[in-house]
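Coordinates from start22.txt are shown below (compact mmCIF, C-alpha atoms).
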```txt
# COMPACT_ATOMS: atom_id res chain seq x y z
CA MET A 18 69.93 132.26 136.46
CA SER A 19 70.72 130.93 139.91
CA ASP A 20 68.21 128.08 139.53
CA PHE A 21 69.50 126.93 136.12
CA SER A 22 71.13 123.82 137.54
CA ASN A 23 68.05 122.80 139.57
CA LYS A 24 65.68 123.30 136.62
CA LEU A 25 67.94 121.33 134.33
CA ILE A 26 68.37 118.40 136.69
CA GLU A 27 64.63 118.31 137.36
CA TRP A 28 63.99 118.11 133.61
CA TYR A 29 66.61 115.38 133.28
CA GLU A 30 65.14 113.14 135.96
CA LEU A 31 61.82 113.21 134.13
CA ASN A 32 63.09 112.82 130.56
CA LYS A 33 66.46 111.02 130.50
CA ARG A 34 67.08 107.98 128.33
CA ASP A 35 68.09 104.72 129.96
CA LEU A 36 71.59 104.14 128.56
CA PRO A 37 73.97 101.46 129.89
CA TRP A 38 76.94 103.75 130.52
CA ARG A 39 74.77 105.90 132.79
CA ASN A 40 74.25 102.99 135.15
CA THR A 41 77.90 102.56 136.11
CA LYS A 42 80.73 104.37 137.87
CA ASP A 43 83.34 102.19 136.17
CA PRO A 44 85.76 104.64 134.50
CA TYR A 45 86.69 102.03 131.88
CA LYS A 46 83.12 101.66 130.63
CA ILE A 47 82.53 105.42 130.79
CA TRP A 48 85.74 106.01 128.81
CA LEU A 49 84.68 103.37 126.30
CA SER A 50 81.28 105.01 125.74
CA GLU A 51 82.69 108.52 125.46
CA ILE A 52 85.29 107.58 122.84
CA ILE A 53 82.72 105.65 120.78
CA LEU A 54 80.22 108.51 120.96
CA GLN A 55 82.68 111.11 119.73
CA GLN A 56 81.33 112.16 116.31
CA THR A 57 78.79 109.31 116.59
CA ARG A 58 75.12 109.48 117.53
CA VAL A 59 73.84 107.41 120.44
CA GLN A 60 71.61 105.29 118.21
CA GLN A 61 74.56 104.34 116.01
CA GLY A 62 77.09 104.03 118.84
CA LEU A 63 75.07 101.89 121.26
CA PRO A 64 75.51 98.56 119.39
CA TYR A 65 79.26 99.20 119.19
CA TYR A 66 79.45 99.95 122.91
CA LEU A 67 77.61 96.73 123.74
CA ALA A 68 79.86 94.74 121.38
CA PHE A 69 83.05 96.15 122.94
CA GLU A 70 81.71 95.64 126.46
CA GLU A 71 80.96 92.00 125.67
CA ALA A 72 84.26 91.32 123.89
CA PHE A 73 86.42 93.24 126.39
CA PRO A 74 84.62 93.43 129.78
CA THR A 75 87.71 94.89 131.51
CA ILE A 76 90.54 97.23 130.60
CA GLN A 77 92.87 94.23 130.89
CA ASN A 78 90.86 92.31 128.28
CA PHE A 79 91.04 95.31 125.97
CA ALA A 80 94.79 95.69 126.48
CA ASN A 81 95.36 92.01 125.63
CA ALA A 82 93.43 92.24 122.33
CA THR A 83 95.23 92.54 118.99
CA GLU A 84 94.88 95.71 116.97
CA GLU A 85 93.09 93.72 114.26
CA GLU A 86 90.47 92.55 116.78
CA VAL A 87 89.89 96.14 117.92
CA LEU A 88 89.66 97.52 114.38
CA ARG A 89 87.33 94.72 113.31
CA LEU A 90 84.86 95.61 116.09
CA TRP A 91 85.26 99.31 115.27
CA GLN A 92 84.50 98.77 111.58
CA GLY A 93 81.87 101.24 110.39
CA LEU A 94 82.43 103.96 113.01
CA GLY A 95 85.09 105.79 111.00
CA TYR A 96 87.88 107.95 112.45
CA TYR A 97 89.94 104.80 113.05
CA SER A 98 92.63 106.73 114.91
CA ARG A 99 90.18 106.77 117.84
CA ALA A 100 90.27 102.97 117.99
CA ARG A 101 94.06 102.86 117.74
CA ASN A 102 94.39 105.49 120.47
CA MET A 103 91.97 103.52 122.66
CA HIS A 104 94.06 100.38 122.24
CA PHE A 105 97.27 102.25 123.03
CA THR A 106 95.69 103.79 126.14
CA ALA A 107 94.30 100.46 127.33
CA LYS A 108 97.76 98.89 127.11
CA HIS A 109 99.32 101.90 128.88
CA ILE A 110 96.83 101.73 131.76
CA SER A 111 97.24 97.96 132.03
CA GLU A 112 101.03 97.93 131.88
CA ASN A 113 101.95 101.19 133.64
CA LEU A 114 99.02 102.07 135.92
CA SER A 115 98.16 98.63 137.30
CA SER A 116 94.93 98.62 135.23
CA GLU A 117 93.63 101.60 137.25
CA PHE A 118 92.34 104.76 135.54
CA PRO A 119 93.58 108.15 136.78
CA THR A 120 90.98 109.57 139.16
CA ASN A 121 91.04 113.27 138.31
CA PHE A 122 90.65 115.58 135.32
CA LYS A 123 94.27 116.73 135.23
CA ASP A 124 95.75 113.22 135.14
CA LEU A 125 93.11 111.88 132.75
CA LEU A 126 94.21 114.52 130.23
CA LYS A 127 97.60 112.80 130.05
CA LEU A 128 96.06 109.72 128.40
CA LYS A 129 96.42 109.42 124.63
CA GLY A 130 93.21 110.25 122.78
CA VAL A 131 91.65 111.91 125.84
CA GLY A 132 90.88 115.62 125.45
CA ASN A 133 89.16 118.14 127.71
CA TYR A 134 85.65 116.82 127.09
CA THR A 135 86.44 113.13 127.61
CA ALA A 136 88.60 113.83 130.68
CA ALA A 137 85.82 115.94 132.20
CA ALA A 138 83.23 113.24 131.47
CA ILE A 139 85.25 110.48 133.15
CA ALA A 140 86.26 112.68 136.09
CA SER A 141 82.68 113.81 136.60
CA PHE A 142 80.72 110.60 135.95
CA ALA A 143 83.12 108.15 137.60
CA PHE A 144 84.66 110.23 140.39
CA GLY A 145 82.22 113.10 141.01
CA GLU A 146 84.74 115.86 140.21
CA LYS A 147 83.21 119.28 139.65
CA VAL A 148 84.33 119.94 136.09
CA ALA A 149 81.99 120.73 133.19
CA THR A 150 81.71 118.63 130.04
CA VAL A 151 81.31 120.79 126.96
CA ASP A 152 80.27 119.06 123.72
CA GLY A 153 78.21 120.08 120.69
CA ASN A 154 74.96 119.72 122.59
CA VAL A 155 76.24 121.92 125.41
CA TYR A 156 77.42 124.61 122.99
CA ARG A 157 73.96 124.72 121.44
CA VAL A 158 72.04 124.92 124.72
CA LEU A 159 74.24 127.57 126.31
CA SER A 160 74.51 129.69 123.17
CA ARG A 161 70.72 129.80 122.80
CA ILE A 162 69.69 130.29 126.41
CA PHE A 163 72.35 132.90 127.16
CA GLY A 164 72.55 134.45 123.69
CA ILE A 165 76.26 133.72 123.23
CA ASP A 166 77.34 134.30 119.65
CA SER A 167 81.07 133.59 119.98
CA PRO A 168 81.99 130.95 117.37
CA ILE A 169 82.07 127.55 119.05
CA ASN A 170 85.11 126.46 117.01
CA SER A 171 87.20 129.54 117.84
CA THR A 172 89.78 129.70 120.65
CA ASN A 173 87.93 132.48 122.46
CA GLY A 174 84.57 130.77 122.00
CA ILE A 175 85.77 127.45 123.40
CA LYS A 176 87.18 129.25 126.43
CA GLU A 177 84.02 131.31 126.98
CA PHE A 178 81.65 128.33 126.84
CA ALA A 179 83.86 126.35 129.23
CA GLU A 180 83.80 129.24 131.71
CA VAL A 181 80.00 129.56 131.50
CA ALA A 182 79.48 125.81 131.95
CA ASN A 183 81.85 125.67 134.93
CA THR A 184 80.04 128.62 136.50
CA LEU A 185 76.65 126.91 136.18
CA ILE A 186 77.63 123.39 137.23
CA SER A 187 76.00 121.99 140.36
CA ASP A 188 78.13 121.89 143.51
CA THR A 189 76.45 118.76 144.81
CA GLN A 190 75.57 116.85 141.60
CA PRO A 191 78.21 117.72 138.99
CA ASP A 192 77.84 114.33 137.28
CA THR A 193 74.06 114.62 136.97
CA PHE A 194 74.33 118.23 135.81
CA ASN A 195 76.71 117.27 133.02
CA GLN A 196 74.53 114.38 131.89
CA ALA A 197 71.48 116.63 132.02
CA LEU A 198 73.01 119.45 129.97
CA MET A 199 74.14 117.09 127.23
CA GLU A 200 70.85 115.19 127.24
CA PHE A 201 68.86 118.42 127.04
CA GLY A 202 70.72 119.36 123.87
CA ALA A 203 70.45 115.86 122.42
CA ILE A 204 66.69 115.34 122.73
CA HIS A 205 65.07 118.71 123.56
CA CYS A 206 67.09 121.72 122.38
CA THR A 207 67.94 119.99 119.11
CA PRO A 208 69.68 121.57 116.08
CA LYS A 209 66.43 121.65 114.12
CA SER A 210 62.89 121.93 115.51
CA PRO A 211 63.79 122.35 119.19
CA ASN A 212 60.86 121.91 121.58
CA CYS A 213 60.67 125.57 122.62
CA LEU A 214 56.99 125.41 123.56
CA HIS A 215 57.63 123.01 126.45
CA CYS A 216 61.10 124.25 127.39
CA PRO A 217 61.76 124.88 131.11
CA PHE A 218 63.83 127.92 130.05
CA VAL A 219 61.30 129.40 127.63
CA GLN A 220 61.03 132.63 129.63
CA GLU A 221 64.77 133.15 129.96
CA CYS A 222 66.02 131.97 126.55
CA GLU A 223 67.74 134.85 124.74
CA ALA A 224 67.63 133.12 121.35
CA ARG A 225 63.84 132.83 121.57
CA LYS A 226 63.46 136.44 122.73
CA GLN A 227 65.57 137.66 119.83
CA ASN A 228 64.15 135.19 117.30
CA ARG A 229 67.63 133.72 116.76
CA VAL A 230 67.07 130.05 117.59
CA GLY A 231 68.05 129.00 114.07
CA GLU A 232 71.16 131.20 114.09
CA LEU A 233 72.79 129.86 117.24
CA PRO A 234 75.29 128.49 117.89
CA VAL A 235 77.66 130.30 115.54
CA LYS A 236 80.35 128.26 113.83
CA LEU A 237 83.21 129.42 111.62
CA LYS A 238 83.11 128.15 108.04
CA LYS A 239 84.50 124.68 107.48
CA THR A 240 87.61 123.84 105.50
CA LYS A 241 86.86 123.30 101.82
CA VAL A 242 85.84 119.74 100.99
CA THR A 243 87.73 118.11 98.10
CA ASP A 244 86.52 115.33 95.77
CA ARG A 245 88.61 112.20 95.18
CA TYR A 246 87.93 109.33 92.79
CA PHE A 247 88.88 105.80 93.87
CA HIS A 248 88.92 102.71 91.63
CA TYR A 249 89.26 99.40 93.46
CA LEU A 250 90.46 96.37 91.49
CA VAL A 251 88.78 93.25 92.82
CA ILE A 252 90.96 90.64 91.13
CA GLU A 253 89.77 87.08 91.66
CA GLU A 254 91.99 84.03 91.16
CA ASN A 255 90.40 80.64 91.85
CA GLU A 256 87.85 82.13 94.29
CA LYS A 257 90.52 84.09 96.13
CA TYR A 258 91.14 87.82 95.96
CA TRP A 259 94.19 90.04 96.17
CA ILE A 260 94.00 92.20 99.26
CA LYS A 261 96.46 94.17 101.39
CA GLU A 262 96.80 95.81 104.79
CA ARG A 263 97.24 99.57 104.58
CA LYS A 264 100.49 100.64 106.19
CA GLY A 265 101.85 104.03 107.15
CA LYS A 266 99.83 107.00 108.33
CA GLY A 267 96.31 107.60 107.12
CA ILE A 268 92.67 107.29 108.07
CA TRP A 269 92.55 103.59 107.09
CA GLN A 270 95.87 102.56 108.62
CA GLY A 271 95.73 98.91 109.70
CA LEU A 272 92.64 98.14 107.62
CA TYR A 273 92.48 95.82 104.61
CA ASP A 274 91.42 96.80 101.11
CA PHE A 275 91.83 95.84 97.46
CA PRO A 276 94.42 97.22 95.02
CA LEU A 277 93.53 100.87 94.50
CA LEU A 278 93.95 103.35 91.67
CA GLU A 279 93.08 107.02 92.09
CA SER A 280 92.27 109.36 89.22
CA ASP A 281 90.78 112.75 88.45
CA HIS A 282 87.61 111.23 86.97
CA LYS A 283 84.66 109.22 88.22
CA GLU A 284 85.26 106.54 85.58
CA LEU A 285 88.42 104.49 85.10
CA ASN A 286 89.95 106.04 81.98
CA LEU A 287 92.57 103.71 80.52
CA GLU A 288 93.59 106.28 77.91
CA ASN A 289 95.46 108.02 80.73
CA ILE A 290 96.80 104.84 82.29
CA ASP A 291 100.28 106.31 82.81
CA GLN A 292 98.72 108.70 85.31
CA LEU A 293 97.12 105.81 87.21
CA THR A 294 100.07 103.50 87.84
CA GLU A 295 103.74 102.99 87.05
CA ASP A 296 103.40 99.21 87.36
CA LEU A 297 104.00 97.90 83.82
CA GLU A 298 102.48 94.49 84.53
CA LEU A 299 99.34 96.08 85.95
CA LYS A 300 99.10 98.43 82.96
CA THR A 301 99.23 95.47 80.60
CA PHE A 302 96.64 93.59 82.61
CA LEU A 303 94.17 96.50 82.57
CA GLN A 304 94.62 97.08 78.84
CA GLU A 305 94.13 93.41 77.95
CA ASN A 306 91.30 92.49 80.33
CA ALA A 307 87.81 93.83 80.85
CA PRO A 308 86.07 93.68 84.22
CA SER A 309 83.28 91.13 84.51
CA GLN A 310 81.37 93.56 86.70
CA ILE A 311 81.53 97.22 87.67
CA SER A 312 79.81 98.26 90.86
CA GLU A 313 77.51 101.16 91.40
CA MET A 314 79.28 104.30 92.55
CA TYR A 315 79.69 104.56 96.30
CA LYS A 316 80.07 107.93 97.97
CA HIS A 317 81.93 108.14 101.28
CA ILE A 318 82.01 111.45 103.17
CA LEU A 319 84.97 112.30 105.40
CA SER A 320 85.63 115.51 107.31
CA HIS A 321 87.40 117.28 104.43
CA GLN A 322 86.96 114.82 101.57
CA ARG A 323 84.25 113.26 99.42
CA LEU A 324 85.31 109.89 98.07
CA HIS A 325 83.65 108.61 94.88
CA ILE A 326 84.33 104.89 94.64
CA HIS A 327 83.84 102.18 92.02
CA PHE A 328 84.80 98.50 92.28
CA TYR A 329 85.97 96.62 89.17
CA HIS A 330 85.68 92.85 89.46
CA TYR A 331 88.10 90.82 87.30
CA LYS A 332 87.99 87.02 87.10
CA VAL A 333 91.40 85.69 86.15
CA ASP A 334 91.92 82.09 85.00
CA ILE A 335 94.41 80.58 87.43
CA GLU A 336 96.22 78.77 84.59
CA LYS A 337 96.74 82.00 82.70
CA SER A 338 97.20 84.20 85.75
CA VAL A 339 100.23 86.44 85.79
CA SER A 340 99.91 86.59 89.59
CA LEU A 341 100.02 90.34 89.48
CA PHE A 342 100.78 90.91 93.14
CA SER A 343 102.58 87.70 94.14
CA GLU A 344 105.96 89.40 94.45
CA LYS A 345 104.63 92.37 96.37
CA ASP A 346 105.00 91.66 100.09
CA GLU A 347 102.00 93.71 101.19
CA TYR A 348 99.50 91.70 99.15
CA SER A 349 97.86 88.38 100.05
CA LEU A 350 95.40 86.08 98.31
CA MET A 351 92.39 85.47 100.57
CA ASP A 352 89.07 83.77 100.19
CA LEU A 353 85.88 85.57 101.17
CA ASP A 354 85.67 83.91 104.58
CA ASN A 355 89.11 85.22 105.55
CA ILE A 356 88.42 88.66 104.09
CA GLU A 357 85.28 88.86 106.20
CA LYS A 358 87.37 88.37 109.35
CA GLN A 359 89.72 91.27 108.56
CA PRO A 360 89.09 94.88 109.65
CA LYS A 361 88.08 96.87 106.57
CA PRO A 362 86.84 100.35 105.65
CA ILE A 363 83.06 100.29 105.84
CA ILE A 364 82.85 100.99 102.12
CA ILE A 365 84.65 97.66 101.40
CA HIS A 366 82.33 95.89 103.83
CA ASN A 367 79.26 97.36 102.13
CA TYR A 368 80.48 96.42 98.66
CA LEU A 369 81.15 92.82 99.65
CA ASN A 370 77.77 92.53 101.35
CA THR A 371 76.02 93.77 98.21
CA TYR A 372 77.88 91.80 95.56
CA PHE A 373 79.27 88.68 97.26
CA TYR A 374 77.49 87.70 100.48
```
Entire entry expressed as structure tokens:
Amino acid sequence: MSDFSNKLIEWYELNKRDLPWRNTKDPYKIWLSEIILQQTRVQQGLPYYLAFEEAFPTIQNFANATEEEVLRLWQGLGYYSRARNMHFTAKHISENLSSEFPTNFKDLLKLKGVGNYTAAAIASFAFGEKVATVDGNVYRVLSRIFGIDSPINSTNGIKEFAEVANTLISDTQPDTFNQALMEFGAIHCTPKSPNCLHCPFVQECEARKQNRVGELPVKLKKTKVTDRYFHYLVIEENEKYWIKERKGKGIWQGLYDFPLLESDHKELNLENIDQLTEDLELKTFLQENAPSQISEMYKHILSHQRLHIHFYHYKVDIEKSVSLFSEKDEYSLMDLDNIEKQPKPIIIHNYLNTYFY
């Protein structure tokens, strides 16, 4: 298909969406958009991109921000390691590279949090390097049009798709080709109900010829998803609440949440309290006090986990308070205004918005 590139670019010029990161050659803003859009749809990611662009218009501004400021803006996107890696990379570029991004694919790959796809996107869009970007949309388009059934999450499959994309890429417009291929998968050759009737490749598409559009691309089975049951204790003393910053490694590192108990059941079962906590004071508190309110159950889906979450609101008289967490360094008493300013898991944000704000 020697005219694949020309057909694709022609389609793109007629159908492309007007997105802010497509109207710049600034590698910082392109990098920003690509990291935000990893595992995030454009419709969801656009407001975040605009917020980051406004708060941190340059890589220097980003580097000078605190981690809390970055995580607060990121709140709701999930995969918080992306935000922490972005902050690390911004500081590295500012401090060690004179606030200048590397200008080629090979050197871009050396940046923390930048993989093959992101490096190719920056190299192509900002610097015009002829290197193909291969994302989920690209896998889908190439697998269908060329009838490639190698699993897209296998080592051989990843290599094969990269080779095909790099063979097809335009010599003169590599940046436009990459944008076009991804856009074609995003709005035309979609996962469900692709617009085959008006497809510029309808005559050549192997998936359509073989009636396999719904079968491609092929993906190996996912890792088993496990269920976990979280019970947050929202303990209020004189209109302030015990809250802590999560330390150590984990998906919510650096975010703030309430005291947490985890169990094997959806409901908080105090008959098995010894399995919930070793804190004797907390055990006594839970046995002697009933929550004034129990939230609805929230479900939060992660890559390999389903979290089932309840919030238990306790109002404690300040005169009778045992100050459960006062001697624990990681905990602080905060009012709602201060809690609102802290970066939090989106599930905490949603709970507070429903029951307090």
query: Could you state the separation of atom CA of Phe118 of chain A and atom CA of Leu94 of chain A in Å, given to one decimal place?
result: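 The value is 24.6 Å.
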field: A:Glu84, A:Asp43, A:Glu221, A:Glu200 ranked by distance to Gln270 of chain A, top pick (using all atoms listed in the file)
entry: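 Comparing A:Glu84, A:Asp43, A:Glu221, A:Glu200 against Gln270 of chain A, the winner is A:Glu84.
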statement: re atom CA of Ile139 of chain A and atom CA of Ser187 of chain A: distance 16.4 Å
- line: Of A:Leu250, A:Leu233, A:Ala100, A:Leu353, the one nearest to Leu285 of chain A when counting only C-alpha atoms is A:Leu250
Using all atoms listed in the file, which residues sit within 8 Å of Tyr246 of chain A once same-chain residues fewer than 4 positions away are excluded, as a compact mmCIF listing (two decimals) with C-alpha atoms, keeping the file's coordinate frame?
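Saved as part31.txt:
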```
# COMPACT_ATOMS: atom_id res chain seq x y z
CA GLU A 279 93.08 107.02 92.09
CA SER A 280 92.27 109.36 89.22
CA ASP A 281 90.78 112.75 88.45
CA HIS A 282 87.61 111.23 86.97
CA LYS A 283 84.66 109.22 88.22
CA LEU A 324 85.31 109.89 98.07
CA HIS A 325 83.65 108.61 94.88
CA ILE A 326 84.33 104.89 94.64
```
- prompt: Just how far from atom CA of Leu25 of chain A is atom CA of Asp152 of chain A, in Å to one decimal?
  reply: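 If I compute the distance from atom CA of Asp152 of chain A to atom CA of Leu25 of chain A, I get 16.4 Å.
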With 5 Å on each side, where is the centre of the axis-aligned box around all listed atoms of segment 197-205 of chain A, and how long are its edges in Å to one decimal, as JSON?
```
{"center_x": 69.6, "center_y": 117.3, "center_z": 127.2, "size_x": 19.1, "size_y": 14.3, "size_z": 19.6}
```
Counting all atoms listed in the file, the option among A:Tyr258, A:Phe105, A:Tyr348, A:Phe302 closest to Phe373 of chain A: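 Answer, going by the shortest atom-to-atom distance: A:Tyr258.
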- request: Measuring atom to atom with only C-alpha atoms, identify which of A:Arg157, A:Lys46, A:Tyr65, A:Trp259 is nearest to Gly231 of chain A.
  value: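 Of A:Arg157, A:Lys46, A:Tyr65, A:Trp259, the one nearest Gly231 of chain A, counting only C-alpha atoms, is A:Arg157.
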- prompt: Of the candidates A:Gln196, A:Asn113, A:Ser171, A:Leu49, which one gets nearest to Pro74 of chain A if we count all atoms listed in the file?
  reply: A:Leu49
Start from the incomplete input, build N, CA and C atoms for segment 144-156 of chain A, and deliver everything as an mmCIF file, in the frame of the given file.
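Written file, result.cif:
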```cif
data_model
loop_
_atom_site.group_PDB
_atom_site.id
_atom_site.type_symbol
_atom_site.label_atom_id
_atom_site.label_comp_id
_atom_site.auth_asym_id
_atom_site.auth_seq_id
_atom_site.Cartn_x
_atom_site.Cartn_y
_atom_site.Cartn_z
ATOM 1 N N PHE A 144 84.049 109.825 139.128
ATOM 2 C CA PHE A 144 84.660 110.230 140.390
ATOM 3 C C PHE A 144 84.011 111.457 141.038
ATOM 4 N N GLY A 145 82.966 112.007 140.405
ATOM 5 C CA GLY A 145 82.220 113.100 141.010
ATOM 6 C C GLY A 145 82.957 114.427 141.053
ATOM 7 N N GLU A 146 83.992 114.603 140.214
ATOM 8 C CA GLU A 146 84.740 115.860 140.210
ATOM 9 C C GLU A 146 83.896 116.969 139.575
ATOM 10 N N LYS A 147 83.976 118.146 140.146
ATOM 11 C CA LYS A 147 83.210 119.280 139.650
ATOM 12 C C LYS A 147 83.951 119.936 138.490
ATOM 13 N N VAL A 148 83.735 119.396 137.304
ATOM 14 C CA VAL A 148 84.330 119.940 136.090
ATOM 15 C C VAL A 148 83.323 119.720 134.966
ATOM 16 N N ALA A 149 83.053 120.770 134.196
ATOM 17 C CA ALA A 149 81.990 120.730 133.190
ATOM 18 C C ALA A 149 82.430 120.015 131.929
ATOM 19 N N THR A 150 81.506 119.239 131.366
ATOM 20 C CA THR A 150 81.710 118.630 130.040
ATOM 21 C C THR A 150 81.075 119.547 129.006
ATOM 22 N N VAL A 151 81.830 119.885 127.986
ATOM 23 C CA VAL A 151 81.310 120.790 126.960
ATOM 24 C C VAL A 151 81.435 120.093 125.600
ATOM 25 N N ASP A 152 80.292 119.657 125.049
ATOM 26 C CA ASP A 152 80.270 119.060 123.720
ATOM 27 C C ASP A 152 79.358 119.862 122.814
ATOM 28 N N GLY A 153 79.048 119.334 121.632
ATOM 29 C CA GLY A 153 78.210 120.080 120.690
ATOM 30 C C GLY A 153 76.840 120.406 121.237
ATOM 31 N N ASN A 154 76.270 119.478 121.992
ATOM 32 C CA ASN A 154 74.960 119.720 122.590
ATOM 33 C C ASN A 154 75.018 120.860 123.604
ATOM 34 N N VAL A 155 76.076 120.881 124.388
ATOM 35 C CA VAL A 155 76.240 121.920 125.410
ATOM 36 C C VAL A 155 76.428 123.282 124.760
ATOM 37 N N TYR A 156 77.254 123.350 123.713
ATOM 38 C CA TYR A 156 77.420 124.610 122.990
ATOM 39 C C TYR A 156 76.064 125.161 122.541
#
```
